[in-house]
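One file, target35.csv, is given below (CSV, C-alpha atoms).
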```
chain,number,residue,atom,x,y,z
S,1,MET,CA,-0.9,-9.9,25.7
S,2,ALA,CA,0.3,-13.4,26.7
S,3,LEU,CA,3.7,-15.0,26.0
S,4,SER,CA,4.4,-18.6,26.6
S,5,VAL,CA,6.7,-21.5,25.6
S,6,LEU,CA,5.7,-25.1,24.8
S,7,ILE,CA,8.5,-27.6,25.1
S,8,LEU,CA,8.3,-30.1,22.3
S,9,GLY,CA,11.7,-31.7,22.6
S,10,ASN,CA,14.4,-31.3,25.2
S,11,GLY,CA,16.9,-34.1,24.7
S,12,SER,CA,20.6,-33.9,24.1
S,13,ALA,CA,22.2,-35.2,20.9
S,14,LEU,CA,20.5,-38.5,20.5
S,15,PRO,CA,16.7,-39.1,20.6
S,16,THR,CA,15.6,-41.8,23.0
S,17,VAL,CA,12.3,-43.5,23.7
S,18,ASN,CA,11.8,-41.0,26.5
S,19,THR,CA,13.1,-37.8,25.1
S,20,HIS,CA,12.9,-35.9,21.8
S,21,GLN,CA,15.3,-33.6,20.1
S,22,THR,CA,15.3,-29.9,20.7
S,23,ALA,CA,12.2,-28.0,19.6
S,24,GLN,CA,9.9,-25.4,21.2
S,25,ILE,CA,6.9,-23.3,20.3
S,26,VAL,CA,6.8,-19.7,21.5
S,27,ARG,CA,3.3,-18.3,21.5
S,28,GLN,CA,2.5,-14.6,21.5
S,29,ASP,CA,-1.3,-14.1,21.3
S,30,ASN,CA,-2.1,-15.8,18.0
S,31,LEU,CA,1.4,-16.0,16.7
S,32,LEU,CA,3.4,-19.2,16.7
S,33,PHE,CA,7.2,-19.3,16.4
S,34,LEU,CA,9.1,-22.5,16.1
S,35,VAL,CA,12.5,-22.5,17.8
S,36,ASP,CA,14.8,-25.2,16.6
S,37,CYS,CA,13.5,-28.3,14.8
S,38,GLY,CA,15.1,-31.5,15.9
S,39,GLU,CA,14.2,-34.9,14.4
S,40,GLY,CA,10.6,-35.8,14.9
S,41,THR,CA,9.4,-32.3,15.6
S,42,GLN,CA,6.4,-32.6,13.3
S,43,VAL,CA,5.1,-35.6,15.3
S,44,GLU,CA,5.4,-33.6,18.6
S,45,LEU,CA,3.6,-30.7,17.0
S,46,ARG,CA,0.7,-33.0,16.3
S,47,ARG,CA,0.9,-34.7,19.7
S,48,ASN,CA,0.6,-31.4,21.4
S,49,GLY,CA,-2.2,-30.0,19.2
S,50,VAL,CA,-0.2,-27.3,17.5
S,51,LYS,CA,-1.5,-26.3,14.1
S,52,ILE,CA,1.4,-26.9,11.8
S,53,GLN,CA,0.2,-24.4,9.2
S,54,GLY,CA,-0.1,-21.7,11.8
S,55,ILE,CA,3.7,-21.5,12.0
S,56,HIS,CA,5.1,-18.7,9.9
S,57,HIS,CA,8.5,-18.2,11.4
S,58,VAL,CA,11.2,-20.8,12.3
S,59,PHE,CA,14.4,-19.9,14.2
S,60,ILE,CA,17.3,-22.4,14.0
S,61,SER,CA,20.1,-21.8,16.5
S,62,HIS,CA,22.9,-23.7,14.8
S,63,LEU,CA,23.7,-26.5,12.3
S,64,HIS,CA,24.1,-29.5,14.6
S,65,GLY,CA,21.6,-32.1,13.6
S,66,ASP,CA,19.7,-32.4,16.8
S,67,HIS,CA,18.6,-28.8,16.4
S,68,PHE,CA,17.5,-28.9,12.7
S,69,PHE,CA,17.2,-32.4,11.2
S,70,GLY,CA,13.4,-32.2,11.5
S,71,LEU,CA,13.1,-29.1,9.3
S,72,VAL,CA,13.0,-30.8,5.9
S,73,GLY,CA,10.3,-33.3,7.1
S,74,LEU,CA,8.2,-30.5,8.5
S,75,VAL,CA,8.5,-28.4,5.3
S,76,SER,CA,7.5,-31.4,3.3
S,77,THR,CA,4.5,-32.1,5.5
S,78,MET,CA,3.4,-28.4,5.1
S,79,HIS,CA,3.6,-28.9,1.3
S,80,LEU,CA,1.6,-32.1,1.4
S,81,LEU,CA,-1.1,-30.5,3.4
S,82,GLY,CA,-1.5,-27.8,0.7
S,83,ARG,CA,0.2,-24.8,2.3
S,84,THR,CA,0.3,-21.7,0.2
S,85,THR,CA,1.6,-19.0,2.6
S,86,LYS,CA,5.3,-18.1,2.9
S,87,LEU,CA,7.4,-19.7,5.6
S,88,HIS,CA,10.3,-17.6,7.0
S,89,VAL,CA,13.3,-19.5,8.2
S,90,HIS,CA,15.9,-17.7,10.3
S,91,GLY,CA,19.2,-19.5,10.8
S,92,PRO,CA,23.0,-19.6,10.2
S,93,LYS,CA,24.7,-19.4,6.9
S,94,GLY,CA,24.5,-22.8,5.1
S,95,LEU,CA,21.0,-23.7,6.3
S,96,GLU,CA,19.3,-22.7,3.0
S,97,GLU,CA,21.8,-24.8,1.0
S,98,ILE,CA,21.3,-27.9,3.2
S,99,VAL,CA,17.5,-27.7,3.0
S,100,LEU,CA,17.1,-26.8,-0.7
S,101,ILE,CA,19.5,-29.4,-2.0
S,102,GLN,CA,17.2,-32.1,-0.6
S,103,PHE,CA,14.1,-30.8,-2.4
S,104,ASN,CA,16.0,-30.0,-5.6
S,105,ASN,CA,17.6,-33.4,-5.9
S,106,SER,CA,14.2,-35.2,-5.2
S,107,GLY,CA,12.5,-33.2,-8.0
S,108,SER,CA,10.2,-31.6,-5.4
S,109,GLN,CA,8.5,-28.2,-6.1
S,110,LEU,CA,7.0,-26.7,-3.0
S,111,SER,CA,3.5,-25.3,-3.0
S,112,PHE,CA,4.7,-22.3,-1.0
S,113,GLU,CA,7.7,-19.9,-0.7
S,114,LEU,CA,10.6,-20.6,1.6
S,115,GLU,CA,12.3,-17.4,2.6
S,116,PHE,CA,15.7,-17.7,4.4
S,117,SER,CA,17.3,-15.0,6.5
S,118,ILE,CA,20.9,-15.5,7.8
S,119,VAL,CA,21.5,-14.9,11.5
S,120,GLU,CA,25.1,-13.7,11.6
S,121,GLU,CA,25.6,-11.3,14.5
S,122,ALA,CA,24.6,-10.7,18.0
S,123,GLY,CA,21.7,-8.2,18.6
S,124,GLN,CA,20.4,-8.7,15.1
S,125,LEU,CA,16.7,-7.9,14.8
S,126,LEU,CA,15.1,-10.9,13.2
S,127,PHE,CA,11.4,-10.2,13.5
S,128,GLU,CA,9.2,-7.3,14.6
S,129,ASN,CA,5.6,-6.3,14.5
S,130,LYS,CA,3.5,-4.0,16.7
S,131,LYS,CA,3.5,-6.3,19.6
S,132,ILE,CA,6.8,-8.2,19.7
S,133,ARG,CA,10.4,-8.3,18.5
S,134,VAL,CA,12.9,-11.2,18.2
S,135,ILE,CA,16.6,-10.5,18.6
S,136,SER,CA,19.6,-12.8,18.3
S,137,ILE,CA,21.7,-13.7,21.4
S,138,PRO,CA,25.5,-14.5,21.2
S,139,LEU,CA,26.3,-18.0,22.3
S,140,HIS,CA,29.7,-19.7,22.5
S,141,HIS,CA,29.7,-23.1,20.8
S,142,ARG,CA,32.0,-25.1,18.5
S,143,ILE,CA,30.3,-23.7,15.4
S,144,PRO,CA,28.3,-20.4,14.9
S,145,CYS,CA,25.4,-20.5,17.3
S,146,TYR,CA,22.8,-17.9,18.4
S,147,GLY,CA,20.0,-17.8,20.9
S,148,PHE,CA,16.8,-15.8,20.6
S,149,LEU,CA,15.2,-13.2,22.7
S,150,PHE,CA,11.4,-12.7,22.4
S,151,GLN,CA,10.5,-9.3,23.8
S,152,GLU,CA,7.0,-7.9,23.9
S,153,LYS,CA,6.6,-4.2,23.4
S,154,GLU,CA,4.6,-2.1,25.8
S,155,GLY,CA,0.9,-2.3,25.0
S,156,LEU,CA,-1.9,0.2,25.2
S,157,ARG,CA,-3.3,1.6,28.5
S,158,ARG,CA,-6.6,-0.1,29.6
S,159,MET,CA,-9.9,1.6,30.0
S,160,LYS,CA,-11.5,1.6,33.5
S,161,LYS,CA,-15.1,0.2,33.1
S,162,GLU,CA,-16.4,2.6,35.7
S,163,ALA,CA,-14.9,5.6,33.8
S,164,LEU,CA,-16.8,4.5,30.6
S,165,ARG,CA,-20.0,4.7,32.5
S,166,GLN,CA,-19.2,7.8,34.6
S,167,TYR,CA,-18.0,10.0,31.8
S,168,ALA,CA,-20.1,8.4,28.9
S,169,ILE,CA,-16.9,8.2,26.8
S,170,PRO,CA,-17.9,7.8,23.1
S,171,LYS,CA,-16.5,4.8,21.2
S,172,HIS,CA,-14.6,6.9,18.7
S,173,MET,CA,-12.5,8.5,21.5
S,174,ARG,CA,-11.5,5.3,23.3
S,175,LYS,CA,-8.6,4.3,21.1
S,176,GLY,CA,-7.0,7.6,21.6
S,177,ILE,CA,-7.4,7.4,25.4
S,178,THR,CA,-5.8,3.9,25.5
S,179,GLU,CA,-2.9,5.6,23.6
S,180,GLY,CA,-2.5,8.1,26.4
S,181,ASN,CA,-4.9,11.0,25.5
S,182,ASP,CA,-6.8,12.8,28.2
S,183,PHE,CA,-10.6,13.0,27.9
S,184,LYS,CA,-12.4,16.4,27.3
S,185,GLU,CA,-15.9,16.5,28.6
S,186,SER,CA,-18.7,18.5,26.8
S,187,ASN,CA,-18.3,21.3,29.4
S,188,GLY,CA,-14.6,21.7,28.5
S,189,ARG,CA,-13.3,20.0,31.7
S,190,ILE,CA,-10.2,17.8,31.1
S,191,VAL,CA,-10.1,14.4,32.8
S,192,PRO,CA,-6.5,13.2,33.1
S,193,ASN,CA,-5.8,9.9,31.4
S,194,GLU,CA,-4.5,8.4,34.6
S,195,GLU,CA,-8.0,8.7,36.2
S,196,ILE,CA,-9.8,6.8,33.5
S,197,THR,CA,-7.2,4.1,32.5
S,198,PHE,CA,-5.0,1.5,34.1
S,199,PRO,CA,-1.3,1.2,33.0
S,200,PRO,CA,-0.5,-1.3,30.2
S,201,TYR,CA,0.3,-4.8,31.2
S,202,ALA,CA,4.0,-5.3,31.8
S,203,PRO,CA,5.7,-6.6,28.6
S,204,GLN,CA,6.8,-10.2,28.9
S,205,SER,CA,10.0,-11.7,27.6
S,206,TYR,CA,11.6,-15.1,26.9
S,207,ALA,CA,15.2,-15.9,26.2
S,208,TYR,CA,16.3,-19.2,24.5
S,209,CYS,CA,19.9,-20.1,24.9
S,210,SER,CA,20.7,-23.4,23.3
S,211,ASP,CA,24.1,-25.1,23.0
S,212,THR,CA,26.7,-22.9,24.6
S,213,ALA,CA,29.7,-22.9,26.9
S,214,TYR,CA,29.4,-20.6,29.9
S,215,SER,CA,29.5,-17.0,28.5
S,216,GLU,CA,28.8,-13.9,30.4
S,217,LYS,CA,28.4,-12.1,27.1
S,218,ILE,CA,24.9,-13.5,27.1
S,219,VAL,CA,23.9,-11.4,30.1
S,220,GLU,CA,23.7,-7.9,28.5
S,221,TYR,CA,21.2,-9.2,25.9
S,222,ILE,CA,18.9,-10.9,28.4
S,223,LYS,CA,19.0,-8.5,31.4
S,224,ASP,CA,15.8,-8.7,33.5
S,225,VAL,CA,14.3,-11.4,31.2
S,226,GLY,CA,11.1,-13.0,32.5
S,227,LEU,CA,11.7,-16.6,31.5
S,228,LEU,CA,15.1,-18.0,30.5
S,229,TYR,CA,15.8,-21.4,28.9
S,230,HIS,CA,19.5,-22.3,29.1
S,231,GLU,CA,21.1,-25.6,28.2
S,232,ALA,CA,22.5,-27.6,31.1
S,233,THR,CA,24.1,-30.6,29.4
S,234,PHE,CA,26.5,-31.6,32.2
S,235,ALA,CA,26.7,-31.9,36.0
S,236,GLU,CA,29.4,-30.0,37.8
S,237,LYS,CA,31.6,-33.1,38.2
S,238,ASP,CA,31.9,-33.1,34.4
S,239,LYS,CA,32.7,-29.4,34.0
S,240,ILE,CA,36.0,-30.2,32.2
S,241,ARG,CA,34.1,-32.1,29.6
S,242,ALA,CA,31.5,-29.3,29.4
S,243,LYS,CA,34.3,-26.8,28.6
S,244,LYS,CA,35.9,-29.1,26.1
S,245,THR,CA,32.6,-29.7,24.2
S,246,PHE,CA,31.4,-26.1,24.5
S,247,HIS,CA,28.5,-26.9,26.7
S,248,SER,CA,27.3,-25.7,30.1
S,249,THR,CA,26.8,-27.3,33.5
S,250,ALA,CA,23.6,-26.9,35.3
S,251,SER,CA,25.2,-24.6,37.9
S,252,SER,CA,26.8,-22.4,35.2
S,253,ALA,CA,23.4,-22.0,33.5
S,254,ALA,CA,22.1,-20.9,36.9
S,255,ARG,CA,24.8,-18.4,37.2
S,256,ILE,CA,23.7,-16.8,33.9
S,257,ALA,CA,20.2,-16.7,35.3
S,258,HIS,CA,21.4,-15.0,38.5
S,259,LEU,CA,23.6,-12.5,36.6
S,260,SER,CA,20.8,-11.5,34.2
S,261,ASN,CA,18.2,-11.2,37.0
S,262,ALA,CA,15.9,-13.6,35.3
S,263,GLN,CA,12.5,-14.3,36.9
S,264,LYS,CA,12.7,-18.0,36.3
S,265,LEU,CA,15.1,-20.5,34.7
S,266,LEU,CA,14.3,-23.6,32.7
S,267,ILE,CA,17.2,-26.1,32.2
S,268,GLY,CA,17.3,-28.7,29.5
S,269,HIS,CA,19.4,-30.5,26.8
S,270,ILE,CA,20.7,-32.7,29.6
S,271,SER,CA,23.1,-35.6,28.6
S,272,ASN,CA,21.6,-39.0,28.5
S,273,ARG,CA,24.6,-40.2,30.7
S,274,TYR,CA,22.6,-39.1,33.7
S,275,ARG,CA,20.0,-41.6,34.7
S,276,ASN,CA,19.2,-39.5,37.8
S,277,LYS,CA,18.8,-36.0,36.5
S,278,SER,CA,17.7,-34.6,39.9
S,279,GLN,CA,21.3,-33.9,40.8
S,280,LEU,CA,21.6,-31.4,38.0
S,281,LEU,CA,18.4,-29.6,39.2
S,282,ARG,CA,19.8,-29.5,42.8
S,283,GLU,CA,23.1,-28.0,41.5
S,284,ALA,CA,21.2,-25.3,39.6
S,285,GLN,CA,18.9,-24.5,42.4
S,286,GLU,CA,21.8,-24.0,44.8
S,287,VAL,CA,22.8,-21.0,42.6
S,288,PHE,CA,19.4,-19.9,41.4
S,289,ARG,CA,16.4,-21.1,43.4
S,290,LYS,CA,13.8,-20.5,40.8
S,291,THR,CA,15.0,-23.2,38.5
S,292,GLU,CA,12.9,-26.0,36.9
S,293,PHE,CA,13.4,-28.8,34.4
S,294,ALA,CA,11.9,-27.9,31.0
S,295,GLN,CA,9.4,-30.8,30.7
S,296,GLU,CA,8.4,-32.0,27.3
S,297,GLY,CA,4.7,-31.4,26.7
S,298,MET,CA,4.5,-28.6,29.2
S,299,GLU,CA,3.7,-25.0,28.3
S,300,TYR,CA,5.3,-22.3,30.5
S,301,SER,CA,3.9,-18.8,30.9
S,302,CYS,CA,6.3,-15.8,30.8
S,303,ASN,CA,4.1,-13.8,33.0
S,304,PHE,CA,5.5,-13.3,36.5
```
Take the structure in this file and express it as structure tokens.
Amino acid sequence: MALSVLILGNGSALPTVNTHQTAQIVRQDNLLFLVDCGEGTQVELRRNGVKIQGIHHVFISHLHGDHFFGLVGLVSTMHLLGRTTKLHVHGPKGLEEIVLIQFNNSGSQLSFELEFSIVEEAGQLLFENKKIRVISIPLHHRIPCYGFLFQEKEGLRRMKKEALRQYAIPKHMRKGITEGNDFKESNGRIVPNEEITFPPYAPQSYAYCSDTAYSEKIVEYIKDVGLLYHEATFAEKDKIRAKKTFHSTASSAARIAHLSNAQKLLIGHISNRYRNKSQLLREAQEVFRKTEFAQEGMEYSCNF
């Protein structure tokens, strides 16, 4: 299994010639999840070689435009490209009305089904299959806002190649062995599973915390997370403004990373008022050393 995050847009509020509005692609093996969809997201998907029709689940954190204004355009493009498979959109109450009113009033009839699911409480299970689950994270913003935790499940054990040869294990028994069964030889001898397999790969995890004031309520939901993205709109000198606008400083984002025992922190959503953003990185690293800027166009592994 492999979990990674591609940063499509990482700007705050206004798009600029150098930054794009918030959007990310979370990859888990062959699955593509779109997290937030700021203006221009579909262009960044193309620029980064992401197959638009390969996206089947979209997660919108809240209804501020820089996090979802690109959704209608993306859905329209999917339609124009002949999409027929369902698109699942997970987001706050009101998102469905905002999106559908635009298509309804333009006389547009989509070639595929849009299915909306309301995110309305912390710890809500939003998606699950055999390999991964997605759970909502409580954030503290001016309007209802949720982050998202992508959490892999423990996989199967891994066969040792030398054991396959040594014990001539038939193909029809290998699946059961990767599920934890012992191997019984033809003479009746039992070979313990631990002798013929390696443990599963450690499950990976990613937590996305978009617009939020400092809130330790987040910590219990993301404890021991591998990779954490947390907004860091302001420098510490502007912490009063951060509190007033329900945003975080870089150092407060780092405190959340420290308290949650994250393996690595990515900071972003930094205000355009800061021409030299390195000061925010320094402030974060003073609290949590393993901090980096989330760079647009970069894909980050969650494997540590």
Using all atoms listed in the file, the best pick from S:Val50, S:Ile101, S:Ala257, S:Ile270 as closest to Phe33 (chain S) would be S:Val50
Considering all atoms listed in the file, return as number ranges by chain whatever protein or nucleic-acid residues lie within 10 Å of Gln263 (chain S), sequence-local ones (same chain, fewer than 2 positions apart) excluded.
S: 205, 224-228, 257-258, 260-261, 265, 288, 290-291, 302-304
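Note that CA of Tyr214 (chain S) and CA of His247 (chain S) are 7.1 Å apart.
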Rank nothing, just name the residue among S:Phe103, S:Tyr229, S:Phe198, S:Tyr208 nearest to Phe59 (chain S), using all atoms listed in the file.
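Of S:Phe103, S:Tyr229, S:Phe198, S:Tyr208, the one nearest Phe59 (chain S), counting all atoms listed in the file, is S:Tyr208.
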Identify, on the basis of only C-alpha atoms, every residue whose closest approach to region 139-156 of chain S does not exceed 9 Å; exclude the query and any residue fewer than 3 positions from it along the same chain; express the result as a ChimeraX atom specification.
/S:1,3,26,28,35,59-64,91-93,119-122,130-136,175,178-180,199-215,217-218,221-222,225,245-247
Between S:Thr22, S:Thr197, S:Asn187, S:Gln124, which is the closest to Arg174 (chain S) once you count all atoms listed in the file?
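Selected residue with least distance to Arg174 (chain S): S:Thr197.
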Quick one: of S:Leu80, S:Ile256, S:Leu114, S:Leu31, who's nearest to Leu95 (chain S), counting only C-alpha atoms?
S:Leu114
Since the input lacks some atoms of region 216-240 of chain S, please model N, CA and C atoms and print them as a compact mmCIF listing (two decimals), in the frame of the given file.
```
# COMPACT_ATOMS: atom_id res chain seq x y z
N GLU S 216 29.45 -15.01 29.80
CA GLU S 216 28.80 -13.90 30.40
C GLU S 216 28.40 -12.80 29.37
N LYS S 217 28.83 -12.98 28.12
CA LYS S 217 28.40 -12.10 27.10
C LYS S 217 26.90 -12.14 26.84
N ILE S 218 26.32 -13.27 27.21
CA ILE S 218 24.90 -13.50 27.10
C ILE S 218 24.11 -12.44 27.91
N VAL S 219 24.65 -12.13 29.08
CA VAL S 219 23.90 -11.40 30.10
C VAL S 219 23.37 -10.07 29.64
N GLU S 220 24.18 -9.28 28.94
CA GLU S 220 23.70 -7.90 28.50
C GLU S 220 22.54 -7.98 27.59
N TYR S 221 22.36 -9.10 26.90
CA TYR S 221 21.20 -9.20 25.90
C TYR S 221 19.96 -9.68 26.60
N ILE S 222 20.06 -10.27 27.78
CA ILE S 222 18.90 -10.90 28.40
C ILE S 222 18.60 -10.27 29.79
N LYS S 223 19.15 -9.13 30.08
CA LYS S 223 19.00 -8.50 31.40
C LYS S 223 17.52 -8.39 31.77
N ASP S 224 17.17 -8.82 32.98
CA ASP S 224 15.80 -8.70 33.50
C ASP S 224 14.78 -9.53 32.72
N VAL S 225 15.22 -10.57 32.02
CA VAL S 225 14.30 -11.40 31.20
C VAL S 225 13.31 -12.10 32.18
N GLY S 226 12.10 -12.33 31.69
CA GLY S 226 11.10 -13.00 32.50
C GLY S 226 11.43 -14.51 32.63
N LEU S 227 11.45 -15.21 31.50
CA LEU S 227 11.70 -16.60 31.50
C LEU S 227 12.96 -16.91 30.65
N LEU S 228 13.91 -17.66 31.22
CA LEU S 228 15.10 -18.00 30.50
C LEU S 228 15.23 -19.52 30.39
N TYR S 229 15.44 -19.99 29.15
CA TYR S 229 15.80 -21.40 28.90
C TYR S 229 17.29 -21.41 28.60
N HIS S 230 18.04 -22.23 29.34
CA HIS S 230 19.50 -22.30 29.10
C HIS S 230 19.88 -23.80 29.18
N GLU S 231 20.65 -24.24 28.19
CA GLU S 231 21.10 -25.60 28.20
C GLU S 231 21.90 -25.93 29.45
N ALA S 232 21.80 -27.18 29.91
CA ALA S 232 22.50 -27.60 31.10
C ALA S 232 22.94 -29.09 30.85
N THR S 233 23.82 -29.28 29.89
CA THR S 233 24.10 -30.60 29.40
C THR S 233 24.81 -31.49 30.49
N PHE S 234 25.65 -30.86 31.34
CA PHE S 234 26.50 -31.60 32.20
C PHE S 234 26.30 -31.25 33.71
N ALA S 235 26.62 -32.21 34.57
CA ALA S 235 26.70 -31.90 36.00
C ALA S 235 28.06 -31.31 36.30
N GLU S 236 28.19 -30.76 37.49
CA GLU S 236 29.40 -30.00 37.80
C GLU S 236 30.64 -30.94 37.86
N LYS S 237 30.47 -32.21 38.19
CA LYS S 237 31.60 -33.10 38.20
C LYS S 237 32.20 -33.35 36.83
N ASP S 238 31.44 -33.00 35.79
CA ASP S 238 31.90 -33.10 34.40
C ASP S 238 32.16 -31.79 33.75
N LYS S 239 32.53 -30.80 34.56
CA LYS S 239 32.70 -29.40 34.00
C LYS S 239 33.86 -29.35 33.04
N ILE S 240 34.87 -30.20 33.18
CA ILE S 240 36.00 -30.20 32.20
C ILE S 240 35.49 -30.64 30.85
```
